[in-house]
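S.K.: Below is the structure I would like to discuss, written out as structure tokens.
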Amino acid sequence: MRLLRDPSCSSVFMSIAENLARVRERIDTAARRAGRRSEDVALMAVSKTFPADSIREAYEAGLRLFGENRVQEFAGKSDALRNLDAAEWHLIGHLQTNKAAKAVELFSAVDSVDSLRLAQKLNATAQQLKKKLQVLIEINVGGETAKSGVAPDSAELEHLLIVARELEHLEFRGLMTVPPFADDPREARPYFRKLRELRDQIAARRLPAIDMHTLSMGMSHDFEVAIEEGSTCVRIGTAIFGSRTRDITTQ
């Protein structure tokens, strides 16, 4: 069993199962505070950089939804995880078009579609593999040049929404974002609200082939604020798996 340093107390070590229980409690509290049901908020474990053993421990603790950032990294772990039959693997990191084919092979969903060109490439590969791939459109709500994502008021987003009906092997399920980082998680609130409002605007248009059910927003630092603003999927790494630099392993 891996013992992980509790981010809130440097002298306390928690197991993945214990961390998971605490995260679920925080999700429930945030949902109730917003007048929502915790069952309506999916918990995605961000397992990037963590070994297959840690992912397996999280699976045994009840997690089924996992997010990975890099195609090549997950490819190196996928064989060791193949027997986790109920696990669902999502790519949540930036995807280059030259790696789109491999991504379609490995993942059931790509939550970081940030261009029409990438969507078309994913669709073509999914067609070849006779597969239906779930996707989210990544929105750069903060307009940060260092981050990927479509600008919320861009022609690229509009084109993607209109052309979606032609991409028959993709299921457009909603939006994803990573807001600008701030020490105070409450500073992310306007960005989460902006994504929710954009989702509502798109949903009101009732565009063919576009489902706006999913709002993937909120990570370990700010997921409670995201839930208050309508997130339907939070992406949690450190709060479940512990620090990536100070983890220890015991037998």
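As shown in the structure tokens, the chain order sets the letters A, B, ...; within each chain, residues go from 1, and ligands are also counted from 1 in the order they appear.
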What are the closest atom pairs, with distances in Å to one decimal, for each residue of range 127-195 of chain A lying within 8 Å of range 226-238 of chain A, using only C-alpha atoms, rows by chain and rising residue number, as CSV?
M.R.:
```
residue,atom,partner,partner_atom,distance
A:Ala188,CA,A:Ala226,CA,8.0
A:Arg189,CA,A:Ala226,CA,7.0
A:Phe192,CA,A:Ala226,CA,6.1
A:Arg193,CA,A:Glu229,CA,5.8
```
S.K.: Please return as a list in words: the residues of range 48-139 of chain A that backbone DSSP assigns to strand (DSSP E or B).
M.R.: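 Restricting range 48-139 of chain A to strand (DSSP E or B) produces Leu65, Phe66, Gly67, Glu68, Glu88, Trp89, His90, Leu91, Ala109, Val110, Asp111, Ser112, Val113, Leu133, Gln134, Val135, Leu136, Ile137, Glu138 and Ile139 of chain A.
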S.K.: Using only C-alpha atoms, which residue out of A:Ala103, A:Leu167, A:Ala45, A:Ile92 lies closest to Gly149 in chain A?
M.R.: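 So, comparing all the options, the nearest one is A:Ile92.
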S.K.: Mind checking which residues fall within 12 Å of Val178 in chain A, counting only C-alpha atoms, ignoring those fewer than 5 positions away in the same chain, and posting them as an MDAnalysis selection string?
M.R.: chainID A and resid 92:94 111:112 137:144 146:150 188:189 191:192 194:195 215:223 226 234:235
S.K.: Okay, now the selection with C-alpha atoms, as a PDB file, in the first residue's frame?
M.R.:
```pdb
ATOM      1  CA  ILE A  92      -7.036  15.468 -20.701  1.00  0.00           C
ATOM      2  CA  GLY A  93      -3.757  17.018 -21.860  1.00  0.00           C
ATOM      3  CA  HIS A  94      -2.927  18.913 -25.019  1.00  0.00           C
ATOM      4  CA  ASP A 111     -11.342  15.974 -23.235  1.00  0.00           C
ATOM      5  CA  SER A 112      -8.969  18.502 -24.796  1.00  0.00           C
ATOM      6  CA  ILE A 137     -14.031  21.119 -26.401  1.00  0.00           C
ATOM      7  CA  GLU A 138     -11.294  22.784 -24.375  1.00  0.00           C
ATOM      8  CA  ILE A 139     -11.944  26.478 -23.794  1.00  0.00           C
ATOM      9  CA  ASN A 140      -9.153  28.887 -22.854  1.00  0.00           C
ATOM     10  CA  VAL A 141     -11.305  31.032 -20.562  1.00  0.00           C
ATOM     11  CA  GLY A 142      -8.388  33.111 -19.320  1.00  0.00           C
ATOM     12  CA  GLY A 143      -6.941  33.920 -22.734  1.00  0.00           C
ATOM     13  CA  GLU A 144      -3.519  32.695 -21.593  1.00  0.00           C
ATOM     14  CA  ALA A 146       0.805  29.527 -22.678  1.00  0.00           C
ATOM     15  CA  LYS A 147      -2.309  27.353 -22.507  1.00  0.00           C
ATOM     16  CA  SER A 148      -4.108  25.472 -25.222  1.00  0.00           C
ATOM     17  CA  GLY A 149      -7.835  25.767 -25.819  1.00  0.00           C
ATOM     18  CA  VAL A 150     -10.246  27.602 -28.073  1.00  0.00           C
ATOM     19  CA  ALA A 188     -11.115  31.016 -10.277  1.00  0.00           C
ATOM     20  CA  ARG A 189     -14.849  31.568  -9.773  1.00  0.00           C
ATOM     21  CA  TYR A 191     -13.666  31.727 -15.069  1.00  0.00           C
ATOM     22  CA  PHE A 192     -15.771  28.751 -14.006  1.00  0.00           C
ATOM     23  CA  LYS A 194     -17.843  32.049 -17.711  1.00  0.00           C
ATOM     24  CA  LEU A 195     -17.554  28.445 -18.899  1.00  0.00           C
ATOM     25  CA  LEU A 215     -18.621  20.803 -17.661  1.00  0.00           C
ATOM     26  CA  SER A 216     -15.153  19.504 -16.787  1.00  0.00           C
ATOM     27  CA  MET A 217     -13.627  22.103 -14.494  1.00  0.00           C
ATOM     28  CA  GLY A 218     -11.927  22.120 -11.129  1.00  0.00           C
ATOM     29  CA  MET A 219      -8.748  20.426  -9.885  1.00  0.00           C
ATOM     30  CA  SER A 220      -7.267  19.659  -6.454  1.00  0.00           C
ATOM     31  CA  HIS A 221      -6.694  23.338  -5.710  1.00  0.00           C
ATOM     32  CA  ASP A 222     -10.108  24.723  -6.664  1.00  0.00           C
ATOM     33  CA  PHE A 223     -12.621  21.924  -7.273  1.00  0.00           C
ATOM     34  CA  ALA A 226     -15.905  24.692  -9.516  1.00  0.00           C
ATOM     35  CA  VAL A 234     -13.670  17.458 -11.320  1.00  0.00           C
ATOM     36  CA  ARG A 235     -10.140  16.335 -12.192  1.00  0.00           C
TER      37      ARG A 235
END
```
S.K.: For a quick check of understanding, using only C-alpha atoms, which of A:Asn69, A:Thr177, A:Gln134, A:Gln128 has the smallest distance to Pro152 in chain A?
M.R.: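 Using only C-alpha atoms, the shortest distance to Pro152 in chain A belongs to A:Thr177.
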S.K.: Find the distance between CA of Pro208 in chain A and CA of Leu129 in chain A and write it in Å to one decimal.
M.R.: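 Here the two named atoms are 23.6 Å from each other.
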S.K.: Nearest to Arg56 in chain A among A:Asn83, A:Thr214, A:Asn98, A:Ser38, with distances taken over only C-alpha atoms: which residue is it?
M.R.: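 Ranked by minimum distance to Arg56 in chain A, first place goes to A:Asn83.
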S.K.: List every residue of range 143-201 of chain A that DSSP, applied to the backbone of this structure, places in alpha helix (DSSP H), and write the result as a VMD selection string.
M.R.: chain A and resid 155 to 163 189 to 201
S.K.: Hey, what's within 10 Å of Ala80 in chain A if we count only C-alpha atoms and toss same-chain stuff fewer than 2 positions away? As a list in words, please?
M.R.: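 Those residues are Pro51, Ala52, Asp53, Arg56, Ala75, Gly76, Lys77, Ser78, Arg82, Asn83 and Leu84 of chain A.
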S.K.: Extract, using only C-alpha atoms, all DNA, RNA and protein residues at most 7 Å from His90 in chain A, discarding same-chain residues fewer than 6 positions from it, and format them as a list in words.
M.R.: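 My list of contacting residues is Phe66, Gly67, Glu68, Phe107, Ser108, Ala109, Val110 and Asp111 of chain A.
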S.K.: Residues of the last selection are to be written out with N, CA and C atoms, as a PDB file, in the first residue's frame.
M.R.:
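This is the output file selection_37.pdb:
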```
ATOM      1  N   PHE A  66     -10.390   7.848 -15.029  1.00  0.00           N
ATOM      2  CA  PHE A  66      -8.999   8.277 -14.915  1.00  0.00           C
ATOM      3  C   PHE A  66      -8.634   9.205 -16.067  1.00  0.00           C
ATOM      4  N   GLY A  67      -7.825  10.202 -15.753  1.00  0.00           N
ATOM      5  CA  GLY A  67      -7.367  11.144 -16.759  1.00  0.00           C
ATOM      6  C   GLY A  67      -5.857  11.120 -16.877  1.00  0.00           C
ATOM      7  N   GLU A  68      -5.366  11.054 -18.103  1.00  0.00           N
ATOM      8  CA  GLU A  68      -3.929  11.071 -18.380  1.00  0.00           C
ATOM      9  C   GLU A  68      -3.611  12.250 -19.290  1.00  0.00           C
ATOM     10  N   PHE A 107      -7.610   5.623 -25.699  1.00  0.00           N
ATOM     11  CA  PHE A 107      -8.568   6.294 -24.822  1.00  0.00           C
ATOM     12  C   PHE A 107      -9.997   6.160 -25.327  1.00  0.00           C
ATOM     13  N   SER A 108     -10.940   6.221 -24.385  1.00  0.00           N
ATOM     14  CA  SER A 108     -12.354   6.219 -24.755  1.00  0.00           C
ATOM     15  C   SER A 108     -12.862   7.637 -24.965  1.00  0.00           C
ATOM     16  N   ALA A 109     -12.076   8.623 -24.525  1.00  0.00           N
ATOM     17  CA  ALA A 109     -12.494  10.012 -24.660  1.00  0.00           C
ATOM     18  C   ALA A 109     -11.274  10.915 -24.718  1.00  0.00           C
ATOM     19  N   VAL A 110     -11.408  12.006 -25.460  1.00  0.00           N
ATOM     20  CA  VAL A 110     -10.397  13.062 -25.483  1.00  0.00           C
ATOM     21  C   VAL A 110     -11.089  14.336 -25.014  1.00  0.00           C
ATOM     22  N   ASP A 111     -10.662  14.838 -23.858  1.00  0.00           N
ATOM     23  CA  ASP A 111     -11.342  15.974 -23.235  1.00  0.00           C
ATOM     24  C   ASP A 111     -10.657  17.301 -23.543  1.00  0.00           C
TER      25      ASP A 111
END
```
